[in-house]
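Worksheet: the structure to be examined is printed underneath.
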Amino acid sequence: MSLPDLMKANENYGMFQIYDKTTQNDAYGGYITAYVPGAKFEGVLVLDDSINAQVAESQGVTGIYTLTFSKGLHLPWHTVFKKMSGERLVGMYFRVTSKDESATPRVTGLDLKNVKAEEFQPGTVNDSEVTDG
């Protein structure tokens, strides 16, 4: 499902790609965690500048964002995604930090959801790496 034209006009609109976490052989008898490209989707990613976000940033969180996307997509906690196109933040990775349950009511014509996300570097957690598939 496509986002409404009004949302596509937002400067924070863009295409995103989910990176699925997998376990792969490391060629030395062990295993590594890797992120491989998955589904692509449209969304609007906006920096959260609330007081709570500012407090979190002072405690070491690099950036808190709200991602709005189609209700048909499910982005569970700790899903990693990358912004592929748009005006801002292209090429950056993010990780979902909230439950995927905040959605518009069924009776509205807007079938949208949103989740909270943080900036994320896949190569810095558990020796994970991003592969191109």
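Simple scheme: letters A, B, ... for chains in structure tokens order, numbers from 1 for residues in each chain, numbers from 1 for ligands in the order shown.
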
Exercise for review: Just list the residues in range 6-132 of chain A DSSP gives helix (DSSP H, G or I) on the backbone, as a ChimeraX atom specification.
Suggested key: /A:6-8,51-58,122-124

Could you write those residues out with C-alpha atoms, as an mmCIF file, in the first residue's frame?
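Wrote selection30.cif, looks like this:
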```
data_model
loop_
_atom_site.group_PDB
_atom_site.id
_atom_site.type_symbol
_atom_site.label_atom_id
_atom_site.label_comp_id
_atom_site.auth_asym_id
_atom_site.auth_seq_id
_atom_site.Cartn_x
_atom_site.Cartn_y
_atom_site.Cartn_z
ATOM 1 C CA LEU A 6 0.335 14.605 1.501
ATOM 2 C CA MET A 7 2.889 12.431 3.321
ATOM 3 C CA LYS A 8 4.964 11.944 0.169
ATOM 4 C CA ILE A 51 11.926 16.846 26.216
ATOM 5 C CA ASN A 52 12.035 13.074 26.790
ATOM 6 C CA ALA A 53 14.075 12.612 23.607
ATOM 7 C CA GLN A 54 16.455 15.355 24.668
ATOM 8 C CA VAL A 55 16.960 13.660 28.049
ATOM 9 C CA ALA A 56 17.652 10.329 26.311
ATOM 10 C CA GLU A 57 20.165 11.994 24.001
ATOM 11 C CA SER A 58 21.961 13.493 27.015
ATOM 12 C CA PRO A 122 25.028 -2.772 12.593
ATOM 13 C CA GLY A 123 28.802 -3.365 12.613
ATOM 14 C CA THR A 124 29.173 -2.266 16.240
#
```

Exercise for review: From the DSSP assignment of the backbone, select every residue of chain A that is strand (DSSP E or B), and format the answer as a PyMOL selection string.
Suggested key: chain A and resi 13-25+31-47+64-70+80-83+93-96+102-103+112-120+129-130

Kindly save the residues from that selection, with C-alpha atoms included, as a CSV table (one decimal), in the first residue's frame.
```csv
chain,number,residue,atom,x,y,z
A,13,TYR,CA,9.6,11.0,3.1
A,14,GLY,CA,11.7,8.3,1.5
A,15,MET,CA,12.1,4.7,0.6
A,16,PHE,CA,13.5,2.3,3.3
A,17,GLN,CA,14.8,-1.2,3.3
A,18,ILE,CA,14.5,-3.7,6.1
A,19,TYR,CA,17.7,-5.6,7.0
A,20,ASP,CA,17.0,-9.1,8.4
A,21,LYS,CA,19.2,-10.5,11.1
A,22,THR,CA,20.7,-13.9,10.1
A,23,THR,CA,23.3,-16.3,11.4
A,24,GLN,CA,25.9,-17.4,8.9
A,25,ASN,CA,29.1,-19.6,9.0
A,31,TYR,CA,29.2,-18.3,13.3
A,32,ILE,CA,28.6,-14.6,12.8
A,33,THR,CA,25.4,-12.5,12.9
A,34,ALA,CA,24.8,-10.6,9.7
A,35,TYR,CA,22.1,-8.3,8.4
A,36,VAL,CA,20.9,-9.0,4.8
A,37,PRO,CA,18.6,-6.8,2.7
A,38,GLY,CA,14.9,-7.6,2.9
A,39,ALA,CA,11.7,-5.8,1.9
A,40,LYS,CA,11.5,-2.2,0.8
A,41,PHE,CA,8.8,0.2,2.0
A,42,GLU,CA,7.8,3.9,2.0
A,43,GLY,CA,7.8,6.0,5.1
A,44,VAL,CA,8.3,9.3,6.8
A,45,LEU,CA,11.1,9.5,9.4
A,46,VAL,CA,11.0,12.5,11.7
A,47,LEU,CA,13.5,13.5,14.4
A,64,ILE,CA,15.3,9.2,18.4
A,65,TYR,CA,12.9,9.2,15.5
A,66,THR,CA,9.3,8.5,14.7
A,67,LEU,CA,8.8,6.4,11.5
A,68,THR,CA,5.3,6.5,9.9
A,69,PHE,CA,4.5,3.8,7.4
A,70,SER,CA,1.7,1.7,5.9
A,80,VAL,CA,16.9,-2.8,11.5
A,81,PHE,CA,16.1,-0.6,8.4
A,82,LYS,CA,18.1,1.7,6.2
A,83,LYS,CA,16.9,4.9,4.5
A,93,TYR,CA,20.6,2.7,9.6
A,94,PHE,CA,17.9,2.7,12.3
A,95,ARG,CA,16.6,0.2,14.8
A,96,VAL,CA,13.0,0.0,16.0
A,102,SER,CA,0.5,2.4,17.3
A,103,ALA,CA,-1.9,2.7,14.3
A,112,LEU,CA,-0.9,4.2,8.9
A,113,LYS,CA,1.3,3.0,11.8
A,114,ASN,CA,4.2,4.5,13.6
A,115,VAL,CA,7.1,3.3,15.7
A,116,LYS,CA,10.0,4.9,17.5
A,117,ALA,CA,13.5,4.2,16.2
A,118,GLU,CA,17.1,5.1,17.0
A,119,GLU,CA,20.2,5.6,14.9
A,120,PHE,CA,22.0,2.3,14.6
A,129,GLU,CA,28.0,-6.9,9.7
A,130,VAL,CA,25.8,-5.8,6.9
```

Practice item. Record the distance separating CA of Lys71 in chain A and CA of Glu101 in chain A, expressed in Å with one decimal. Key: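 CA of Glu101 in chain A lies at a distance of 9.6 Å from CA of Lys71 in chain A.
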
Check your understanding: For Leu75 in chain A, which residue out of A:Glu87, A:Pro4, A:Gly63, A:Ser98 is the nearest one, using only C-alpha atoms?
Key ->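 Distance minimum relative to Leu75 in chain A lands on A:Ser98.
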
Check your understanding: Can you tell me how far CA of Trp77 in chain A sits from CA of Met92 in chain A, in Å to one decimal?
Key -> 18.1 Å

Practice item. Could you please determine the separation between CA of Asp48 in chain A and CA of Gly109 in chain A in Å, to one decimal place? Key: 25.4 Å
